[in-house]
file input_36.txt (compact mmCIF, C-alpha atoms)
# COMPACT_ATOMS: atom_id res chain seq x y z
CA SER U 1 -47.23 -55.25 48.16
CA LEU U 2 -45.42 -55.61 44.83
CA TRP U 3 -47.07 -58.98 44.22
CA GLU U 4 -50.48 -57.29 44.11
CA VAL U 5 -49.58 -54.85 41.31
CA LYS U 6 -51.85 -55.27 38.28
CA PHE U 7 -50.86 -54.52 34.68
CA ASN U 8 -54.22 -54.68 32.87
CA GLU U 9 -53.14 -58.09 31.66
CA PRO U 10 -55.07 -59.96 28.95
CA ASP U 11 -56.32 -63.51 29.36
CA PRO U 12 -53.28 -65.77 29.67
CA ILE U 13 -51.95 -67.49 26.56
CA LYS U 14 -52.30 -71.26 26.82
CA ALA U 15 -48.95 -73.05 26.96
CA LYS U 16 -47.12 -76.05 28.36
CA ALA U 17 -44.16 -75.21 30.60
CA THR U 18 -41.00 -77.24 31.13
CA ALA U 19 -37.71 -76.47 32.87
CA SER U 20 -34.21 -77.78 33.45
CA SER U 21 -35.11 -78.50 37.07
CA GLY U 22 -37.78 -77.93 39.70
CA ASP U 23 -39.36 -80.42 42.08
CA SER U 24 -43.06 -81.09 42.64
CA ASP U 25 -43.47 -78.03 44.90
CA TYR U 26 -41.85 -75.68 42.37
CA ARG U 27 -42.88 -77.06 38.98
CA ALA U 28 -42.35 -75.16 35.71
CA ASP U 29 -46.10 -74.80 35.10
CA PHE U 30 -46.53 -72.90 38.38
CA ALA U 31 -45.04 -69.86 36.58
CA ILE U 32 -48.02 -69.66 34.23
CA ASP U 33 -50.90 -70.73 36.48
CA GLY U 34 -52.01 -67.19 37.33
CA ASN U 35 -51.45 -67.81 41.03
CA MET U 36 -49.00 -65.52 42.84
CA GLN U 37 -48.80 -68.02 45.71
CA THR U 38 -47.08 -70.66 43.56
CA ARG U 39 -43.79 -70.41 41.68
CA TRP U 40 -41.19 -72.20 39.61
CA SER U 41 -37.79 -72.61 41.21
CA SER U 42 -34.72 -74.37 39.84
CA LYS U 43 -32.05 -76.18 41.78
CA PHE U 44 -29.33 -73.98 43.33
CA GLU U 45 -27.18 -73.74 40.19
CA ASP U 46 -26.41 -71.40 37.30
CA ASN U 47 -27.20 -72.30 33.68
CA GLN U 48 -30.82 -73.31 34.23
CA TRP U 49 -33.74 -72.71 31.86
CA TRP U 50 -37.52 -72.33 31.75
CA ARG U 51 -39.57 -72.82 28.57
CA ALA U 52 -43.17 -72.39 27.40
CA ASP U 53 -44.53 -74.13 24.30
CA PHE U 54 -47.74 -72.49 23.05
CA GLU U 55 -50.76 -74.60 22.10
CA THR U 56 -50.98 -72.58 18.86
CA PRO U 57 -48.55 -69.99 17.39
CA GLN U 58 -48.83 -66.67 19.22
CA LYS U 59 -47.82 -63.17 18.15
CA ILE U 60 -46.06 -61.70 21.17
CA CYS U 61 -44.12 -58.48 21.73
CA GLY U 62 -42.78 -59.03 25.23
CA VAL U 63 -43.09 -60.65 28.64
CA ILE U 64 -43.59 -59.63 32.25
CA LEU U 65 -41.29 -61.58 34.58
CA LYS U 66 -42.29 -61.55 38.24
CA TRP U 67 -39.21 -62.74 40.10
CA GLU U 68 -39.17 -64.26 43.55
CA THR U 69 -36.36 -63.25 45.96
CA ALA U 70 -34.17 -65.82 44.18
CA PHE U 71 -33.83 -63.83 40.96
CA THR U 72 -31.52 -64.25 37.98
CA GLU U 73 -28.91 -61.56 37.36
CA LYS U 74 -27.79 -62.60 33.87
CA TYR U 75 -30.33 -64.11 31.49
CA ASN U 76 -31.41 -64.30 27.86
CA ILE U 77 -34.85 -64.70 26.32
CA GLU U 78 -35.26 -66.62 23.07
CA ALA U 79 -38.35 -67.08 20.90
CA GLN U 80 -38.92 -69.90 18.42
CA ASP U 81 -40.60 -68.76 15.20
CA THR U 82 -43.10 -70.82 13.21
CA SER U 83 -40.26 -72.29 11.12
CA GLY U 84 -38.65 -73.72 14.23
CA ASN U 85 -35.77 -71.23 14.32
CA TRP U 86 -34.70 -69.70 17.64
CA LYS U 87 -34.02 -65.98 17.92
CA LYS U 88 -32.58 -64.13 20.89
CA VAL U 89 -35.00 -61.29 21.64
CA TYR U 90 -33.55 -59.98 24.92
CA GLU U 91 -30.47 -60.25 27.12
CA THR U 92 -29.26 -58.62 30.32
CA ALA U 93 -26.43 -58.96 32.80
CA ASP U 94 -27.99 -56.43 35.21
CA GLY U 95 -31.08 -58.24 36.49
CA ASP U 96 -32.09 -57.13 39.99
CA GLY U 97 -35.28 -59.09 40.59
CA ASN U 98 -38.74 -57.71 41.36
CA THR U 99 -40.81 -57.31 38.16
CA ASP U 100 -39.26 -56.92 34.71
CA ILE U 101 -41.49 -55.58 31.91
CA ILE U 102 -39.69 -56.50 28.70
CA TYR U 103 -40.70 -55.53 25.18
CA PHE U 104 -39.13 -56.73 21.94
CA GLU U 105 -39.96 -56.73 18.23
CA PRO U 106 -43.26 -58.60 17.70
CA ILE U 107 -42.75 -62.21 16.62
CA GLU U 108 -45.08 -65.08 15.70
CA ALA U 109 -43.79 -67.71 18.11
CA ASN U 110 -44.24 -71.39 18.83
CA ALA U 111 -42.31 -71.20 22.09
CA LEU U 112 -40.38 -68.92 24.42
CA LYS U 113 -37.37 -69.82 26.55
CA ILE U 114 -35.63 -68.03 29.43
CA ASP U 115 -31.96 -69.02 29.79
CA CYS U 116 -30.92 -68.32 33.39
CA ILE U 117 -27.16 -67.99 33.03
CA GLN U 118 -26.10 -66.54 36.38
CA ARG U 119 -28.06 -66.33 39.62
CA GLY U 120 -28.39 -63.12 41.61
CA THR U 121 -28.40 -64.93 44.97
CA GLY U 122 -27.10 -68.15 46.47
CA TRP U 123 -30.51 -69.75 45.92
CA GLY U 124 -31.93 -70.98 42.63
CA ASN U 125 -33.70 -69.16 39.79
CA SER U 126 -37.33 -68.55 40.71
CA LEU U 127 -40.33 -66.92 39.02
CA TRP U 128 -43.73 -66.30 40.56
CA GLU U 129 -45.30 -65.68 37.18
CA VAL U 130 -44.52 -65.16 33.49
CA VAL U 131 -47.05 -63.10 31.50
CA PHE U 132 -46.85 -63.02 27.70
CA LEU U 133 -47.60 -59.66 26.07
CA GLU U 134 -49.82 -59.98 23.01
CA GLY U 135 -48.10 -58.60 19.93
CA SER U 136 -50.86 -56.75 18.06
CA ASN U 137 -50.49 -53.63 20.25
CA PRO U 138 -46.80 -53.09 21.09
CA PRO U 139 -45.49 -49.86 22.61
CA SER U 140 -44.31 -47.17 20.22
CA LEU U 141 -41.10 -45.14 20.31
CA THR U 142 -41.02 -42.02 18.13
CA ALA U 143 -38.51 -39.21 17.76
CA SER U 144 -38.82 -35.57 16.71
CA SER U 145 -37.37 -34.62 13.33
CA ASP U 146 -34.26 -33.13 14.93
CA GLY U 147 -33.77 -36.06 17.33
CA SER U 148 -34.07 -33.92 20.45
CA GLN U 149 -37.29 -35.43 21.85
CA PHE U 150 -38.42 -39.04 22.21
CA ASP U 151 -41.95 -40.16 23.00
CA ILE U 152 -42.81 -43.63 24.30
CA ARG U 153 -46.46 -44.67 24.30
CA LEU U 154 -47.37 -47.84 26.22
CA PRO U 155 -50.31 -50.05 25.18
CA ASN U 156 -51.92 -49.46 28.59
CA SER U 157 -51.21 -47.76 31.91
CA MET U 158 -48.65 -49.51 34.10
CA SER U 159 -47.47 -49.03 37.66
CA LEU U 160 -43.78 -48.18 37.19
CA GLY U 161 -40.88 -47.10 39.37
CA VAL U 162 -37.89 -47.55 37.05
CA ILE U 163 -37.24 -46.67 33.40
CA ILE U 164 -34.03 -47.82 31.73
CA LEU U 165 -32.85 -45.92 28.64
CA ARG U 166 -30.36 -47.51 26.22
CA TRP U 167 -28.49 -44.89 24.18
CA GLY U 168 -26.73 -45.24 20.83
CA GLU U 169 -23.40 -43.72 19.84
CA SER U 170 -24.88 -40.20 19.84
CA TYR U 171 -26.35 -39.38 23.25
CA PRO U 172 -27.29 -36.20 25.14
CA LYS U 173 -25.25 -34.82 28.00
CA SER U 174 -28.28 -32.90 29.25
CA TYR U 175 -31.82 -34.24 29.21
CA SER U 176 -34.96 -34.61 31.29
CA LEU U 177 -37.61 -37.32 31.52
CA GLU U 178 -41.33 -36.76 32.02
CA ILE U 179 -44.16 -39.22 32.63
CA SER U 180 -47.91 -38.98 32.13
CA SER U 181 -50.87 -41.22 32.86
CA ASP U 182 -53.07 -39.65 30.18
CA GLY U 183 -50.84 -37.77 27.72
CA LYS U 184 -52.13 -34.43 29.01
CA ASP U 185 -50.68 -33.85 32.48
CA TRP U 186 -46.92 -34.37 32.60
CA ARG U 187 -44.54 -34.65 35.56
CA GLU U 188 -40.76 -34.36 35.39
CA VAL U 189 -39.12 -37.20 37.34
CA PHE U 190 -35.50 -36.91 36.21
CA LYS U 191 -33.05 -34.30 34.94
CA THR U 192 -29.29 -34.41 34.35
CA ASP U 193 -26.49 -32.46 32.69
CA LYS U 194 -23.96 -35.28 33.16
CA GLY U 195 -25.22 -37.90 30.71
CA ASN U 196 -22.53 -40.34 29.58
CA GLY U 197 -24.51 -42.57 27.23
CA LYS U 198 -24.73 -46.36 27.31
CA GLN U 199 -27.51 -47.19 29.79
CA ASP U 200 -29.30 -44.96 32.30
CA TRP U 201 -31.39 -46.35 35.17
CA ILE U 202 -33.97 -43.75 36.22
CA TYR U 203 -35.76 -44.29 39.53
CA PHE U 204 -38.85 -42.39 40.67
CA LYS U 205 -41.79 -42.71 43.02
CA THR U 206 -44.15 -45.48 41.90
CA SER U 207 -46.63 -43.97 39.43
CA SER U 208 -49.24 -44.95 36.88
CA VAL U 209 -47.59 -44.37 33.50
CA ARG U 210 -49.02 -44.49 29.98
CA GLN U 211 -46.60 -42.16 28.17
CA ILE U 212 -42.93 -41.24 28.63
CA ARG U 213 -41.18 -38.21 27.14
CA VAL U 214 -37.42 -37.62 26.95
CA ASN U 215 -36.37 -34.00 26.28
CA CYS U 216 -32.76 -33.60 25.13
CA ALA U 217 -30.71 -30.38 25.00
CA LYS U 218 -29.16 -30.09 21.55
CA GLU U 219 -25.38 -30.03 21.18
CA ALA U 220 -23.52 -27.33 19.23
CA ASP U 221 -22.87 -29.68 16.29
CA GLY U 222 -26.60 -30.35 15.95
CA GLU U 223 -26.16 -34.13 15.66
CA ALA U 224 -29.37 -36.10 16.28
CA PHE U 225 -29.36 -38.34 19.35
CA ILE U 226 -30.08 -42.07 19.18
CA LEU U 227 -32.27 -43.85 21.73
CA LYS U 228 -31.84 -47.54 20.89
CA GLY U 229 -34.44 -48.86 23.31
CA PHE U 230 -35.92 -48.86 26.77
CA GLU U 231 -36.89 -51.22 29.60
CA LEU U 232 -39.44 -50.87 32.38
CA LYS U 233 -39.66 -52.09 35.96
CA SER U 234 -42.48 -51.99 38.44
CA GLY U 235 -42.40 -49.77 41.51
CA GLU U 236 -40.80 -51.20 44.65
call {"tool": "encode", "arguments": {"input": "input_36.txt", "output": "structure tokens"}}
result
Amino acid sequence: SLWEVKFNEPDPIKAKATASSGDSDYRADFAIDGNMQTRWSSKFEDNQWWRADFETPQKICGVILKWETAFTEKYNIEAQDTSGNWKKVYETADGDGNTDIIYFEPIEANALKIDCIQRGTGWGNSLWEVVFLEGSNPPSLTASSDGSQFDIRLPNSMSLGVIILRWGESYPKSYSLEISSDGKDWREVFKTDKGNGKQDWIYFKTSSVRQIRVNCAKEADGEAFILKGFELKSGE
């Protein structure tokens, strides 16, 4: 099942969890206890939050959010730096539950907060587990000199089924996407000649992925394409 998927996770970062709501059976700390049989769940309302305060400052570059059926559709993630200032590091209005693998610019953080703005179901906001991604080895995104090929290298192999590409103002109408578990053998999982920019959700059969390659067909004007970022989701 999805709950049994492993991500080569490091030892958990020690933290104290609090939340806007959650009774004794669904406490905030259940989301960081390493047990996929326990979970945090808020009351059945929008505008709830979950927060982790680290025992010592931690350099992090992302989080893995393992949602229960009661997922959050619209949410933000904020990190508090060592000066006490809060910075929004991620936001989405398209959450669909399951497992979100979210990377952001590495930050030395005292705390991390998930603002659950709008629920995706009639239930509450519920997380089986939150895993903090250690920031010394973030993924890399590089582009060819002419902006026609993008390479994403993950810090370790992950079981993925969805890749989300976020394009800038200059985007390709035709491109393909390949995945590889070792950087040697590549498999094409998506191809289109009807790209319209903004955000593309690419679904494929669940696979072990270490590297991702996006091959873009150049336009007549030769303008370089802009890939602003990417998001990952586990296989269904």
call {"tool": "residues_around", "arguments": {"input": "input_36.txt", "residues": "segment 100-115 of chain U", "least_positions_apart": "5", "cutoff": "7 Å", "atoms": "all atoms listed in the file", "output": "number ranges by chain"}}
result
U: 47-54, 56-66, 75-82, 89, 135, 231-234
call {"tool": "atom_distance", "arguments": {"input": "input_36.txt", "atom1": "atom CA of Gln199 of chain U", "atom2": "atom CA of Val214 of chain U"}}
result
14.1 Å
call {"tool": "residues_near_point", "arguments": {"input": "input_36.txt", "point": "(-44.6, -72.5, 30.4)", "cutoff": "7 Å", "atoms": "only C-alpha atoms", "output": "PDB file with C-alpha atoms, in the coordinates of the input"}}
result
ATOM      1  CA  ALA U  15     -48.950 -73.050  26.960  1.00  0.00           C
ATOM      2  CA  LYS U  16     -47.120 -76.050  28.360  1.00  0.00           C
ATOM      3  CA  ALA U  17     -44.160 -75.210  30.600  1.00  0.00           C
ATOM      4  CA  THR U  18     -41.000 -77.240  31.130  1.00  0.00           C
ATOM      5  CA  ALA U  28     -42.350 -75.160  35.710  1.00  0.00           C
ATOM      6  CA  ASP U  29     -46.100 -74.800  35.100  1.00  0.00           C
ATOM      7  CA  ALA U  31     -45.040 -69.860  36.580  1.00  0.00           C
ATOM      8  CA  ILE U  32     -48.020 -69.660  34.230  1.00  0.00           C
ATOM      9  CA  ARG U  51     -39.570 -72.820  28.570  1.00  0.00           C
ATOM     10  CA  ALA U  52     -43.170 -72.390  27.400  1.00  0.00           C
ATOM     11  CA  ASP U  53     -44.530 -74.130  24.300  1.00  0.00           C
TER      12      ASP U  53
END
call {"tool": "residues_around", "arguments": {"input": "input_36.txt", "residues": "Asp94 of chain U", "least_positions_apart": "6", "cutoff": "10 Å", "atoms": "all atoms listed in the file", "output": "list in words"}}
result
Thr72, Glu73, Lys74, Tyr75 and Gly120 of chain U
call {"tool": "closest_residue", "arguments": {"input": "input_36.txt", "among": "U:Ile164, U:Gly195, U:Ile212, U:Ile202", "to": "Glu178 of chain U", "atoms": "only C-alpha atoms"}}
result
U:Ile212
call {"tool": "atom_distance", "arguments": {"input": "input_36.txt", "atom1": "atom CA of Thr99 of chain U", "atom2": "atom CA of Phe225 of chain U"}}
result
29.1 Å
call {"tool": "atom_distance", "arguments": {"input": "input_36.txt", "atom1": "atom CA of Gly197 of chain U", "atom2": "atom CA of Phe71 of chain U"}}
result
27.0 Å
call {"tool": "closest_residue", "arguments": {"input": "input_36.txt", "among": "U:Ser180, U:Gln37, U:Pro172, U:Asp185", "to": "Asp200 of chain U", "atoms": "only C-alpha atoms"}}
result
U:Pro172
call {"tool": "closest_residue", "arguments": {"input": "input_36.txt", "among": "U:Lys14, U:Phe30, U:Ser20, U:Cys116", "to": "Glu55 of chain U", "atoms": "all atoms listed in the file"}}
result
U:Lys14
call {"tool": "residues_around", "arguments": {"input": "input_36.txt", "residues": "Asp151 of chain U", "least_positions_apart": "4", "cutoff": "9 Å", "atoms": "all atoms listed in the file", "output": "ChimeraX atom specification"}}
result
/U:140-144,211-215
call {"tool": "residues_around", "arguments": {"input": "input_36.txt", "residues": "Arg210 of chain U", "least_positions_apart": "4", "cutoff": "12 Å", "atoms": "all atoms listed in the file", "output": "list in words"}}
result
Phe7, Asn8, Pro139, Ser140, Asp151, Ile152, Arg153, Leu154, Pro155, Asn156, Ser157, Met158, Ser159, Leu160, Glu178, Ile179, Ser180, Ser181, Asp182, Gly183, Lys184, Asp185, Trp186 and Leu232 of chain U
call {"tool": "closest_residue", "arguments": {"input": "input_36.txt", "among": "U:Ser170, U:Ser126, U:Thr192, U:Ser136", "to": "Gly22 of chain U", "atoms": "all atoms listed in the file"}}
result
U:Ser126
call {"tool": "axis_aligned_box", "arguments": {"input": "input_36.txt", "around": "segment 217-226 of chain U", "padding_each_side": "3 Å", "output": "AutoDock Vina command-line options"}}
result
--center_x -26.8 --center_y -34.7 --center_z 20.3 --size_x 13.8 --size_y 20.7 --size_z 15.3
call {"tool": "residues_near_point", "arguments": {"input": "input_36.txt", "point": "(-32.0, -58.6, 45.2)", "cutoff": "8 Å", "atoms": "only C-alpha atoms", "output": "list in words"}}
result
Thr69, Ala70, Phe71, Asp96, Gly97, Asn98, Gly120 and Thr121 of chain U
call {"tool": "residues_around", "arguments": {"input": "input_36.txt", "residues": "Asp193 of chain U", "least_positions_apart": "4", "cutoff": "12 Å", "atoms": "only C-alpha atoms", "output": "PyMOL selection string"}}
result
chain U and resi 171-176+197+215-219
call {"tool": "build_atoms", "arguments": {"input": "input_36.txt", "residues": "segment 23-35 of chain U", "atoms": "N, CA and C atoms", "output": "PDB file, keeping the file's coordinate frame"}}
result
ATOM      1  N   ASP U  23     -38.656 -79.261  41.527  1.00  0.00           N
ATOM      2  CA  ASP U  23     -39.360 -80.420  42.080  1.00  0.00           C
ATOM      3  C   ASP U  23     -40.863 -80.183  42.111  1.00  0.00           C
ATOM      4  N   SER U  24     -41.606 -81.120  42.701  1.00  0.00           N
ATOM      5  CA  SER U  24     -43.060 -81.090  42.640  1.00  0.00           C
ATOM      6  C   SER U  24     -43.672 -79.852  43.286  1.00  0.00           C
ATOM      7  N   ASP U  25     -42.966 -79.240  44.247  1.00  0.00           N
ATOM      8  CA  ASP U  25     -43.470 -78.030  44.900  1.00  0.00           C
ATOM      9  C   ASP U  25     -43.172 -76.771  44.111  1.00  0.00           C
ATOM     10  N   TYR U  26     -42.279 -76.865  43.133  1.00  0.00           N
ATOM     11  CA  TYR U  26     -41.850 -75.680  42.370  1.00  0.00           C
ATOM     12  C   TYR U  26     -41.776 -76.031  40.881  1.00  0.00           C
ATOM     13  N   ARG U  27     -42.858 -76.595  40.364  1.00  0.00           N
ATOM     14  CA  ARG U  27     -42.880 -77.060  38.980  1.00  0.00           C
ATOM     15  C   ARG U  27     -42.845 -75.888  37.990  1.00  0.00           C
ATOM     16  N   ALA U  28     -42.426 -76.178  36.766  1.00  0.00           N
ATOM     17  CA  ALA U  28     -42.350 -75.160  35.710  1.00  0.00           C
ATOM     18  C   ALA U  28     -43.698 -74.529  35.433  1.00  0.00           C
ATOM     19  N   ASP U  29     -44.780 -75.343  35.457  1.00  0.00           N
ATOM     20  CA  ASP U  29     -46.100 -74.800  35.100  1.00  0.00           C
ATOM     21  C   ASP U  29     -46.657 -73.861  36.155  1.00  0.00           C
ATOM     22  N   PHE U  30     -46.071 -73.839  37.359  1.00  0.00           N
ATOM     23  CA  PHE U  30     -46.530 -72.900  38.380  1.00  0.00           C
ATOM     24  C   PHE U  30     -46.248 -71.445  37.981  1.00  0.00           C
ATOM     25  N   ALA U  31     -45.354 -71.226  37.016  1.00  0.00           N
ATOM     26  CA  ALA U  31     -45.040 -69.860  36.580  1.00  0.00           C
ATOM     27  C   ALA U  31     -46.043 -69.315  35.578  1.00  0.00           C
ATOM     28  N   ILE U  32     -46.997 -70.150  35.155  1.00  0.00           N
ATOM     29  CA  ILE U  32     -48.020 -69.660  34.230  1.00  0.00           C
ATOM     30  C   ILE U  32     -49.417 -70.103  34.675  1.00  0.00           C
ATOM     31  N   ASP U  33     -49.596 -70.298  35.991  1.00  0.00           N
ATOM     32  CA  ASP U  33     -50.900 -70.730  36.480  1.00  0.00           C
ATOM     33  C   ASP U  33     -51.761 -69.583  36.979  1.00  0.00           C
ATOM     34  N   GLY U  34     -51.245 -68.347  36.902  1.00  0.00           N
ATOM     35  CA  GLY U  34     -52.010 -67.190  37.330  1.00  0.00           C
ATOM     36  C   GLY U  34     -52.139 -67.041  38.838  1.00  0.00           C
ATOM     37  N   ASN U  35     -51.377 -67.811  39.574  1.00  0.00           N
ATOM     38  CA  ASN U  35     -51.450 -67.810  41.030  1.00  0.00           C
ATOM     39  C   ASN U  35     -50.140 -67.275  41.611  1.00  0.00           C
TER      40      ASN U  35
END
